[in-house]
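See below for the structure under consideration.
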Amino acid sequence: CGNHIRSLVTQNRPDLIILTGDIVYGSFDDAGTTYRYMCDLMDSFQIPWAPVFGNHDNESKMGVAWQCEQFEKSKYWLFKRGNVTGNGNYTVGVAIGDSLIRVIHMLDSNGCCSCDDPSVTKIEGIYPDQLELVASNTARIRLAQNRAVPAFVAFHIPVDCFKEAEMAKGYRTGNDDTYVIGVDVEAKDNDRGFCHETYRTIPTKNFCEFLNAQNINGVFVGHIHKACYSISYKDVVWTFGLKTGQYDYHMPYQLGGTLIMLTENDFSVYALQSLVPCGAMPTTGALNSLS
């Protein structure tokens with residue numbers, strides 16, 4: 001995974017790196033070794049990086065308080081544990097010169113159930129107090145800037161609006177559909193990408209309307225290993241990032257990340273493949289060829 005990340009950063013030298021969860025599989029990292037490695041790796045690029053937790057990160061016996069401390073000790077981190085539901089709810093600003101052009105709300109979508117820490121064992125979801133934090137930060141930013149600033153939101157587990165968008169665009173007709181946009185189904189509105197597995201979503205109520213009211217026009221998630229797409233729906237671009245690491249299953253030769261290009265008034269999203277060779281996992285009967 002580290003080699004794939006190095007490939008992506010070397011290709012682009014981004015201004016900010018966002019990690020959308022499952023940075024480690026905590027149940028295999030009870031000594032925190034992999035976690036420390038990832039923090040050191042991200043700091044080695046000398047680029048600001050902003051993480052959120054996935055549903056597997058907090059399974060480690062090191063505990064979530066220790067994990068948050070490691071993030072906050074890192075030199076180039078942009079992370080706050082926050083005081084609402086979950087661990088890691090905060091807002092990042094992006095500026096060109098002195099002009100704030102976008103904010104990114106980072107949220108914990110919860111869902112870790114494999115530990116005994118009550119601050120972690122929450123049913124997956126975006127909770128009301130988290131949305132209140134986003135609304136409060138949006139209002140404060142609007143007041144400080146004397147204008148509405150466009151925003152993204154990033155978290156780990158997809159909400160039901162993703163499937164709603166697929167259905168509305170005609171890419172998906174049932175729960176088991178798999179497709180490549182522009183190949184199996186006609187592309188609409190510059191949509192692109194693919195979905196090759198079924199998945200569950202977080203149920204929400206009036207989530208699209210909430211995003212519109214907070215000037216949020218882009219949502220970025222991870223979690224699903226064989227989905228990578230950007231679909232425009234209800235004035236929001238819904239994006240599954242391309243999977244970066246090989247564990248525990250993936251599409252051969254489809255590993256990498258997501259490149260977000262910002263201008264003062266707009267943005268573009270592209271899937272970006274790692275240049276590190278990677279085939280199927282060894283357990284499928286094929287060996288990875290890494291030079």
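Going through the structure tokens in order, the chains are called A, B, and so on, while each chain numbers its residues from 1 and the ligands are numbered from 1 in the order shown.
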Test item: residues at most 10 Å from range 33-37 of chain A, only C-alpha atoms, excluding those fewer than 2 positions along its chain, as an MDAnalysis selection string:
chainID A and resid 2 23:26 28:31 39:43 57 60 62 67 70:71 74
Which residues are near range 223-235 of chain A? Cut-off 7 Å, only C-alpha atoms, ignore same chain within fewer than 2 positions. Put them as a PyMOL selection string.
chain A and resi 156-157+165+189+191-197+208+217+221+237-243+249-251
Every residue of range 13-174 of chain A that DSSP places in strand (DSSP E), as a PyMOL selection string:
chain A and resi 17-20+49-52+90-96+99-106+151-154
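From CA of Gly97 in chain A back to CA of Ala135 in chain A, the distance works out to 25.6 Å.
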Give me, as an MDAnalysis selection string, all polymer residues having an atom no more than 12 Å from Gln214 in chain A, counting only C-alpha atoms and skipping those fewer than 3 positions away in the same chain.
chainID A and resid 102:105 131:142 148:153 207:211 217:218 236
Which residue of A:Ser7, A:Pro48, A:Ala213, A:Gln145 approaches Ile101 in chain A most closely, using only C-alpha atoms:
A:Gln145
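The two atoms in question, CA of Tyr199 in chain A and CA of Tyr179 in chain A, are spaced 13.6 Å apart.
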